[in-house]
$ cat model.cif   # mmCIF, N, CA and C atoms and all ligand atoms
data_work
loop_
_atom_site.group_PDB
_atom_site.id
_atom_site.type_symbol
_atom_site.label_atom_id
_atom_site.label_comp_id
_atom_site.auth_asym_id
_atom_site.auth_seq_id
_atom_site.Cartn_x
_atom_site.Cartn_y
_atom_site.Cartn_z
ATOM 1 N N MET X 1 118.278 173.825 55.642
ATOM 2 C CA MET X 1 118.430 172.553 56.394
ATOM 3 C C MET X 1 118.940 171.411 55.493
ATOM 4 N N THR X 2 119.968 170.755 55.896
ATOM 5 C CA THR X 2 120.447 169.594 55.141
ATOM 6 C C THR X 2 120.313 168.319 55.976
ATOM 7 N N ALA X 3 119.401 168.387 56.952
ATOM 8 C CA ALA X 3 119.271 167.254 57.877
ATOM 9 C C ALA X 3 118.872 165.975 57.155
ATOM 10 N N SER X 4 117.953 166.083 56.194
ATOM 11 C CA SER X 4 117.486 164.878 55.513
ATOM 12 C C SER X 4 118.624 164.227 54.721
ATOM 13 N N LYS X 5 119.457 165.050 54.126
ATOM 14 C CA LYS X 5 120.592 164.509 53.370
ATOM 15 C C LYS X 5 121.535 163.760 54.321
ATOM 16 N N TYR X 6 121.744 164.388 55.486
ATOM 17 C CA TYR X 6 122.612 163.762 56.498
ATOM 18 C C TYR X 6 122.086 162.395 56.908
ATOM 19 N N LEU X 7 120.754 162.319 57.084
ATOM 20 C CA LEU X 7 120.132 161.064 57.497
ATOM 21 C C LEU X 7 120.364 159.959 56.463
ATOM 22 N N VAL X 8 120.240 160.328 55.201
ATOM 23 C CA VAL X 8 120.440 159.336 54.130
ATOM 24 C C VAL X 8 121.854 158.765 54.189
ATOM 25 N N VAL X 9 122.832 159.655 54.402
ATOM 26 C CA VAL X 9 124.225 159.211 54.466
ATOM 27 C C VAL X 9 124.425 158.258 55.640
ATOM 28 N N VAL X 10 123.874 158.641 56.804
ATOM 29 C CA VAL X 10 124.030 157.807 58.005
ATOM 30 C C VAL X 10 123.378 156.442 57.802
ATOM 31 N N ALA X 11 122.171 156.446 57.213
ATOM 32 C CA ALA X 11 121.466 155.191 56.993
ATOM 33 C C ALA X 11 122.272 154.285 56.070
ATOM 34 N N GLY X 12 122.839 154.880 55.017
ATOM 35 C CA GLY X 12 123.637 154.093 54.084
ATOM 36 C C GLY X 12 124.851 153.492 54.763
ATOM 37 N N ALA X 13 125.521 154.278 55.584
ATOM 38 C CA ALA X 13 126.704 153.793 56.287
ATOM 39 C C ALA X 13 126.327 152.667 57.244
ATOM 40 N N ALA X 14 125.184 152.821 57.936
ATOM 41 C CA ALA X 14 124.749 151.810 58.886
ATOM 42 C C ALA X 14 124.460 150.497 58.163
ATOM 43 N N LEU X 15 123.816 150.589 57.011
ATOM 44 C CA LEU X 15 123.514 149.385 56.238
ATOM 45 C C LEU X 15 124.796 148.672 55.823
ATOM 46 N N ALA X 16 125.766 149.429 55.335
ATOM 47 C CA ALA X 16 127.031 148.845 54.901
ATOM 48 C C ALA X 16 127.741 148.188 56.077
ATOM 49 N N ALA X 17 127.771 148.876 57.228
ATOM 50 C CA ALA X 17 128.439 148.336 58.404
ATOM 51 C C ALA X 17 127.742 147.061 58.859
ATOM 52 N N GLY X 18 126.415 147.058 58.815
ATOM 53 C CA GLY X 18 125.661 145.883 59.232
ATOM 54 C C GLY X 18 125.976 144.686 58.367
ATOM 55 N N ALA X 19 126.094 144.897 57.072
ATOM 56 C CA ALA X 19 126.381 143.800 56.161
ATOM 57 C C ALA X 19 127.730 143.183 56.477
ATOM 58 N N PHE X 20 128.716 144.039 56.734
ATOM 59 C CA PHE X 20 130.046 143.530 57.029
ATOM 60 C C PHE X 20 130.070 142.801 58.371
ATOM 61 N N ALA X 21 129.402 143.361 59.380
ATOM 62 C CA ALA X 21 129.386 142.750 60.699
ATOM 63 C C ALA X 21 128.746 141.368 60.636
ATOM 64 N N GLY X 22 127.651 141.251 59.885
ATOM 65 C CA GLY X 22 126.979 139.972 59.766
ATOM 66 C C GLY X 22 127.880 138.912 59.176
ATOM 67 N N ASP X 23 128.634 139.291 58.175
ATOM 68 C CA ASP X 23 129.527 138.341 57.523
ATOM 69 C C ASP X 23 130.655 137.916 58.453
ATOM 70 N N LYS X 24 131.140 138.881 59.240
ATOM 71 C CA LYS X 24 132.252 138.607 60.138
ATOM 72 C C LYS X 24 131.838 137.655 61.262
ATOM 73 N N ASP X 25 130.576 137.741 61.675
ATOM 74 C CA ASP X 25 130.081 136.916 62.775
ATOM 75 C C ASP X 25 130.052 135.435 62.432
ATOM 76 N N HIS X 26 130.048 135.150 61.144
ATOM 77 C CA HIS X 26 129.974 133.763 60.714
ATOM 78 C C HIS X 26 131.273 133.038 61.068
ATOM 79 N N SER X 27 131.212 132.062 61.943
ATOM 80 C CA SER X 27 132.416 131.340 62.302
ATOM 81 C C SER X 27 132.768 130.332 61.214
ATOM 82 N N MET X 28 133.972 129.810 61.288
ATOM 83 C CA MET X 28 134.425 128.845 60.294
ATOM 84 C C MET X 28 133.532 127.614 60.243
ATOM 85 N N SER X 29 133.162 127.096 61.408
ATOM 86 C CA SER X 29 132.373 125.869 61.425
ATOM 87 C C SER X 29 130.975 126.124 60.870
ATOM 88 N N ASP X 30 130.418 127.301 61.141
ATOM 89 C CA ASP X 30 129.118 127.644 60.578
ATOM 90 C C ASP X 30 129.181 127.713 59.063
ATOM 91 N N ARG X 31 130.256 128.258 58.565
ATOM 92 C CA ARG X 31 130.447 128.356 57.113
ATOM 93 C C ARG X 31 130.431 126.975 56.493
ATOM 94 N N LYS X 32 131.177 126.084 57.098
ATOM 95 C CA LYS X 32 131.281 124.718 56.593
ATOM 96 C C LYS X 32 129.911 124.047 56.649
ATOM 97 N N PHE X 33 129.215 124.256 57.745
ATOM 98 C CA PHE X 33 127.882 123.679 57.911
ATOM 99 C C PHE X 33 126.956 124.169 56.791
ATOM 100 N N ASP X 34 126.965 125.470 56.543
ATOM 101 C CA ASP X 34 126.107 126.040 55.502
ATOM 102 C C ASP X 34 126.460 125.486 54.129
ATOM 103 N N GLN X 35 127.762 125.279 53.919
ATOM 104 C CA GLN X 35 128.211 124.714 52.652
ATOM 105 C C GLN X 35 127.645 123.318 52.437
ATOM 106 N N LEU X 36 127.676 122.532 53.518
ATOM 107 C CA LEU X 36 127.229 121.147 53.414
ATOM 108 C C LEU X 36 125.707 121.046 53.357
ATOM 109 N N ASP X 37 125.029 121.972 54.011
ATOM 110 C CA ASP X 37 123.564 121.928 54.089
ATOM 111 C C ASP X 37 122.954 122.410 52.770
ATOM 112 N N GLN X 38 122.906 121.504 51.819
ATOM 113 C CA GLN X 38 122.518 121.896 50.456
ATOM 114 C C GLN X 38 121.068 122.359 50.358
ATOM 115 N N ASN X 39 120.153 121.749 51.102
ATOM 116 C CA ASN X 39 118.746 122.175 51.011
ATOM 117 C C ASN X 39 118.388 123.190 52.096
ATOM 118 N N GLN X 40 119.398 123.601 52.869
ATOM 119 C CA GLN X 40 119.259 124.693 53.840
ATOM 120 C C GLN X 40 118.102 124.492 54.811
ATOM 121 N N ASP X 41 117.925 123.263 55.293
ATOM 122 C CA ASP X 41 116.919 123.031 56.320
ATOM 123 C C ASP X 41 117.560 123.006 57.709
ATOM 124 N N SER X 42 118.809 123.437 57.788
ATOM 125 C CA SER X 42 119.550 123.571 59.052
ATOM 126 C C SER X 42 119.878 122.234 59.714
ATOM 127 N N VAL X 43 119.741 121.143 58.971
ATOM 128 C CA VAL X 43 120.278 119.863 59.429
ATOM 129 C C VAL X 43 121.045 119.223 58.275
ATOM 130 N N LEU X 44 122.049 118.398 58.631
ATOM 131 C CA LEU X 44 122.808 117.695 57.611
ATOM 132 C C LEU X 44 122.354 116.244 57.558
ATOM 133 N N SER X 45 121.924 115.820 56.378
ATOM 134 C CA SER X 45 121.584 114.415 56.195
ATOM 135 C C SER X 45 122.850 113.660 55.806
ATOM 136 N N LYS X 46 122.754 112.329 55.830
ATOM 137 C CA LYS X 46 123.923 111.523 55.506
ATOM 138 C C LYS X 46 124.388 111.788 54.077
ATOM 139 N N SER X 47 123.452 112.012 53.162
ATOM 140 C CA SER X 47 123.850 112.258 51.773
ATOM 141 C C SER X 47 124.494 113.637 51.613
ATOM 142 N N GLU X 48 124.129 114.568 52.468
ATOM 143 C CA GLU X 48 124.725 115.903 52.373
ATOM 144 C C GLU X 48 126.182 115.906 52.841
ATOM 145 N N VAL X 49 126.539 115.018 53.781
ATOM 146 C CA VAL X 49 127.928 114.967 54.227
ATOM 147 C C VAL X 49 128.750 113.967 53.415
ATOM 148 N N ALA X 50 128.105 113.352 52.401
ATOM 149 C CA ALA X 50 128.794 112.328 51.616
ATOM 150 C C ALA X 50 130.040 112.883 50.934
ATOM 151 N N SER X 51 130.037 114.196 50.642
ATOM 152 C CA SER X 51 131.182 114.799 49.961
ATOM 153 C C SER X 51 132.375 114.959 50.899
ATOM 154 N N ASP X 52 132.133 114.825 52.205
ATOM 155 C CA ASP X 52 133.215 114.972 53.175
ATOM 156 C C ASP X 52 133.512 113.614 53.798
ATOM 157 N N ALA X 53 134.652 113.023 53.430
ATOM 158 C CA ALA X 53 134.983 111.664 53.851
ATOM 159 C C ALA X 53 135.021 111.535 55.372
ATOM 160 N N THR X 54 135.613 112.524 56.033
ATOM 161 C CA THR X 54 135.735 112.471 57.489
ATOM 162 C C THR X 54 134.369 112.531 58.157
ATOM 163 N N LEU X 55 133.515 113.427 57.691
ATOM 164 C CA LEU X 55 132.186 113.568 58.285
ATOM 165 C C LEU X 55 131.343 112.321 58.044
ATOM 166 N N SER X 56 131.424 111.748 56.850
ATOM 167 C CA SER X 56 130.666 110.535 56.566
ATOM 168 C C SER X 56 131.075 109.409 57.494
ATOM 169 N N ALA X 57 132.395 109.287 57.697
ATOM 170 C CA ALA X 57 132.906 108.193 58.513
ATOM 171 C C ALA X 57 132.500 108.346 59.974
ATOM 172 N N THR X 58 132.360 109.592 60.431
ATOM 173 C CA THR X 58 132.056 109.820 61.841
ATOM 174 C C THR X 58 130.616 110.292 62.051
ATOM 175 N N PHE X 59 129.786 110.120 61.016
ATOM 176 C CA PHE X 59 128.411 110.628 61.067
ATOM 177 C C PHE X 59 127.678 110.164 62.325
ATOM 178 N N ALA X 60 127.763 108.861 62.605
ATOM 179 C CA ALA X 60 127.018 108.297 63.728
ATOM 180 C C ALA X 60 127.428 108.913 65.062
ATOM 181 N N SER X 61 128.728 109.206 65.200
ATOM 182 C CA SER X 61 129.183 109.767 66.474
ATOM 183 C C SER X 61 128.870 111.256 66.577
ATOM 184 N N ILE X 62 128.765 111.932 65.441
ATOM 185 C CA ILE X 62 128.371 113.349 65.477
ATOM 186 C C ILE X 62 126.887 113.470 65.798
ATOM 187 N N ASP X 63 126.094 112.537 65.245
ATOM 188 C CA ASP X 63 124.644 112.542 65.458
ATOM 189 C C ASP X 63 124.337 112.065 66.873
ATOM 190 N N ALA X 64 124.418 112.994 67.817
ATOM 191 C CA ALA X 64 124.355 112.651 69.243
ATOM 192 C C ALA X 64 123.037 111.987 69.624
ATOM 193 N N ASP X 65 121.909 112.437 69.069
ATOM 194 C CA ASP X 65 120.629 111.850 69.457
ATOM 195 C C ASP X 65 120.191 110.733 68.515
ATOM 196 N N GLY X 66 121.024 110.424 67.516
ATOM 197 C CA GLY X 66 120.776 109.266 66.674
ATOM 198 C C GLY X 66 119.526 109.337 65.811
ATOM 199 N N ASP X 67 119.116 110.552 65.421
ATOM 200 C CA ASP X 67 117.925 110.655 64.577
ATOM 201 C C ASP X 67 118.271 110.651 63.090
ATOM 202 N N GLY X 68 119.534 110.398 62.787
ATOM 203 C CA GLY X 68 119.940 110.282 61.390
ATOM 204 C C GLY X 68 120.221 111.611 60.719
ATOM 205 N N GLN X 69 120.192 112.696 61.501
ATOM 206 C CA GLN X 69 120.494 114.012 60.950
ATOM 207 C C GLN X 69 121.394 114.765 61.925
ATOM 208 N N ILE X 70 122.286 115.578 61.374
ATOM 209 C CA ILE X 70 123.172 116.368 62.220
ATOM 210 C C ILE X 70 122.656 117.796 62.275
ATOM 211 N N THR X 71 122.248 118.212 63.463
ATOM 212 C CA THR X 71 121.808 119.597 63.625
ATOM 213 C C THR X 71 123.029 120.501 63.756
ATOM 214 N N ARG X 72 122.782 121.815 63.672
ATOM 215 C CA ARG X 72 123.883 122.765 63.792
ATOM 216 C C ARG X 72 124.580 122.627 65.144
ATOM 217 N N SER X 73 123.812 122.410 66.199
ATOM 218 C CA SER X 73 124.438 122.307 67.518
ATOM 219 C C SER X 73 125.226 121.006 67.652
ATOM 220 N N GLU X 74 124.738 119.930 67.032
ATOM 221 C CA GLU X 74 125.499 118.681 67.058
ATOM 222 C C GLU X 74 126.812 118.849 66.305
ATOM 223 N N TYR X 75 126.741 119.554 65.189
ATOM 224 C CA TYR X 75 127.949 119.791 64.390
ATOM 225 C C TYR X 75 128.934 120.671 65.149
ATOM 226 N N THR X 76 128.410 121.738 65.773
ATOM 227 C CA THR X 76 129.267 122.648 66.534
ATOM 228 C C THR X 76 129.943 121.920 67.688
ATOM 229 N N ALA X 77 129.175 121.047 68.360
ATOM 230 C CA ALA X 77 129.734 120.284 69.477
ATOM 231 C C ALA X 77 130.849 119.368 68.989
ATOM 232 N N TYR X 78 130.622 118.756 67.822
ATOM 233 C CA TYR X 78 131.628 117.860 67.247
ATOM 234 C C TYR X 78 132.899 118.637 66.908
ATOM 235 N N VAL X 79 132.729 119.803 66.276
ATOM 236 C CA VAL X 79 133.890 120.594 65.865
ATOM 237 C C VAL X 79 134.680 121.068 67.076
ATOM 238 N N SER X 80 133.985 121.566 68.110
ATOM 239 C CA SER X 80 134.710 122.097 69.260
ATOM 240 C C SER X 80 135.376 120.967 70.041
ATOM 241 N N GLU X 81 134.731 119.794 70.067
ATOM 242 C CA GLU X 81 135.339 118.655 70.763
ATOM 243 C C GLU X 81 136.588 118.186 70.027
ATOM 244 N N ARG X 82 136.486 118.171 68.701
ATOM 245 C CA ARG X 82 137.626 117.747 67.901
ATOM 246 C C ARG X 82 138.781 118.728 68.096
ATOM 247 N N ASP X 83 138.460 120.015 68.207
ATOM 248 C CA ASP X 83 139.504 121.015 68.359
ATOM 249 C C ASP X 83 140.164 120.965 69.733
ATOM 250 N N THR X 84 139.365 120.700 70.777
ATOM 251 C CA THR X 84 139.918 120.740 72.120
ATOM 252 C C THR X 84 140.646 119.446 72.475
ATOM 253 N N SER X 85 140.086 118.304 72.054
ATOM 254 C CA SER X 85 140.711 117.028 72.406
ATOM 255 C C SER X 85 141.696 116.632 71.319
ATOM 256 N N SER X 86 142.896 117.183 71.385
ATOM 257 C CA SER X 86 143.902 116.862 70.384
ATOM 258 C C SER X 86 144.694 115.625 70.783
ATOM 259 N N ARG X 87 144.264 114.973 71.876
ATOM 260 C CA ARG X 87 144.927 113.731 72.260
ATOM 261 C C ARG X 87 144.604 112.650 71.237
ATOM 262 N N SER X 88 145.397 111.591 71.223
ATOM 263 C CA SER X 88 145.302 110.603 70.153
ATOM 264 C C SER X 88 144.215 109.564 70.414
ATOM 265 N N SER X 89 143.351 109.801 71.395
ATOM 266 C CA SER X 89 142.280 108.849 71.677
ATOM 267 C C SER X 89 141.261 108.821 70.546
ATOM 268 N N ASN X 90 141.166 107.697 69.873
ATOM 269 C CA ASN X 90 140.274 107.591 68.722
ATOM 270 C C ASN X 90 139.168 106.575 68.967
ATOM 271 N N ASP X 91 138.842 106.310 70.227
ATOM 272 C CA ASP X 91 137.908 105.217 70.510
ATOM 273 C C ASP X 91 136.506 105.494 69.959
ATOM 274 N N TRP X 92 136.182 106.787 69.713
ATOM 275 C CA TRP X 92 134.877 107.112 69.161
ATOM 276 C C TRP X 92 134.839 106.962 67.651
ATOM 277 N N ASN X 93 136.001 106.822 67.082
ATOM 278 C CA ASN X 93 136.086 106.749 65.622
ATOM 279 C C ASN X 93 136.086 105.295 65.167
ATOM 280 N N THR X 94 134.974 104.866 64.568
ATOM 281 C CA THR X 94 134.847 103.466 64.184
ATOM 282 C C THR X 94 135.264 103.228 62.735
ATOM 283 N N ALA X 95 135.742 104.284 62.085
ATOM 284 C CA ALA X 95 136.171 104.118 60.699
ATOM 285 C C ALA X 95 137.388 103.211 60.632
ATOM 286 N N PRO X 96 137.392 102.219 59.728
ATOM 287 C CA PRO X 96 138.494 101.261 59.642
ATOM 288 C C PRO X 96 139.815 101.940 59.292
ATOM 289 N N ASP X 97 139.813 102.854 58.363
ATOM 290 C CA ASP X 97 141.026 103.596 58.043
ATOM 291 C C ASP X 97 140.660 104.961 57.475
ATOM 292 N N GLU X 98 141.626 105.854 57.482
ATOM 293 C CA GLU X 98 141.346 107.204 57.007
ATOM 294 C C GLU X 98 142.283 107.589 55.876
ATOM 295 N N THR X 99 142.510 106.652 54.985
ATOM 296 C CA THR X 99 143.489 106.898 53.930
ATOM 297 C C THR X 99 142.864 107.517 52.702
ATOM 298 N N GLU X 100 141.550 107.772 52.751
ATOM 299 C CA GLU X 100 140.877 108.290 51.544
ATOM 300 C C GLU X 100 140.591 109.794 51.651
ATOM 301 N N GLU X 101 141.540 110.531 52.190
ATOM 302 C CA GLU X 101 141.323 111.953 52.398
ATOM 303 C C GLU X 101 141.644 112.783 51.160
ATOM 304 N N GLY X 102 142.064 112.124 50.076
ATOM 305 C CA GLY X 102 142.511 112.848 48.895
ATOM 306 C C GLY X 102 141.446 113.707 48.242
ATOM 307 N N GLU X 103 140.219 113.210 48.224
ATOM 308 C CA GLU X 103 139.145 113.939 47.493
ATOM 309 C C GLU X 103 138.924 115.339 48.000
HETATM 310 CA CA CA X 201 120.019 119.738 54.931
HETATM 311 CA CA CA X 202 120.736 114.381 65.420
#

$ encode --input "model.cif" --output "structure tokens" --more "lines below"
Ligand SMILES: [Ca+2]
Ligand SMILES: [Ca+2]
Amino acid sequence: MTASKYLVVVAGAALAAGAFAGDKDHSMSDRKFDQLDQNQDSVLSKSEVASDATLSATFASIDADGDGQITRSEYTAYVSERDTSSRSSNDWNTAPDETEEGE
């Protein structure tokens, strides 16, 4: 009987496939969120988005409930809204100018 050997091979393959699938499931916006969430408490504080000029400038509008932190769902909503509304309406953007995108 080589059944036990077969099982080991299958288990190993399943583990490898699972690892790859998990990584693939990560969307771009989730990746960015995880990058910014330095203390990994699943919310972004104002200091955590300080490295991103655009996010800092629009922090208040992303923070839908105004508790001073951006949750993953608030961030996702912001990203999908930004992607879908490509019209030039900027009335939600209170930033005086956006010329500091170099960093
Ligand atoms: Ca955080
Ligand atoms: Ca919030």

$ resolve_selection --input "model.cif" --expression "the PyMOL selection byres (((not hetatm)) within 6.5 of (chain X and resi 201))" --output "number ranges by chain"
X: 36-45

$ resolve_selection --input "model.cif" --expression "the PyMOL selection byres (((not hetatm) and name CA) within 6 of (chain X and resi 202))" --output "PyMOL selection string"
chain X and resi 63-71

$ atom_distance --input "model.cif" --atom1 "atom C of Thr84 of chain X" --atom2 "atom N of Glu48 of chain X"
26.4 Å

$ closest_residue --input "model.cif" --among "X:Lys5, X:Val49, X:Ser61, X:Thr54" --to "Phe33 of chain X" --atoms "only C-alpha atoms"
X:Val49

$ atom_distance --input "model.cif" --atom1 "atom C of Lys46 of chain X" --atom2 "atom C of Ala60 of chain X"
11.8 Å

$ atom_distance --input "model.cif" --atom1 "atom CA of Ala53 of chain X" --atom2 "atom CA of Lys32 of chain X"
13.8 Å

$ select_by_dssp --input "model.cif" --residues "segment 28-72 of chain X" --states "helix (DSSP H, G or I)" --output "PyMOL selection string"
chain X and resi 28-36+53-57+59-62+72

$ select_by_dssp --input "model.cif" --residues "segment 27-89 of chain X" --states "strand (DSSP E or B)" --output "ChimeraX atom specification"
/X:43-44,70-71

$ residues_around --input "model.cif" --residues "segment 27-30 of chain X" --least-positions-apart "2" --cutoff "12 Å" --atoms "only C-alpha atoms" --output "list of chain:residue names"
X:Ala21, X:Gly22, X:Asp23, X:Lys24, X:Asp25, X:Lys32, X:Phe33, X:Asp34, X:Gln35, X:Leu36, X:Asp37, X:Ser42, X:Val43, X:Thr71, X:Arg72, X:Ser73, X:Glu74, X:Tyr75, X:Thr76, X:Ala77, X:Tyr78, X:Val79, X:Ser80, X:Arg82, X:Asp83
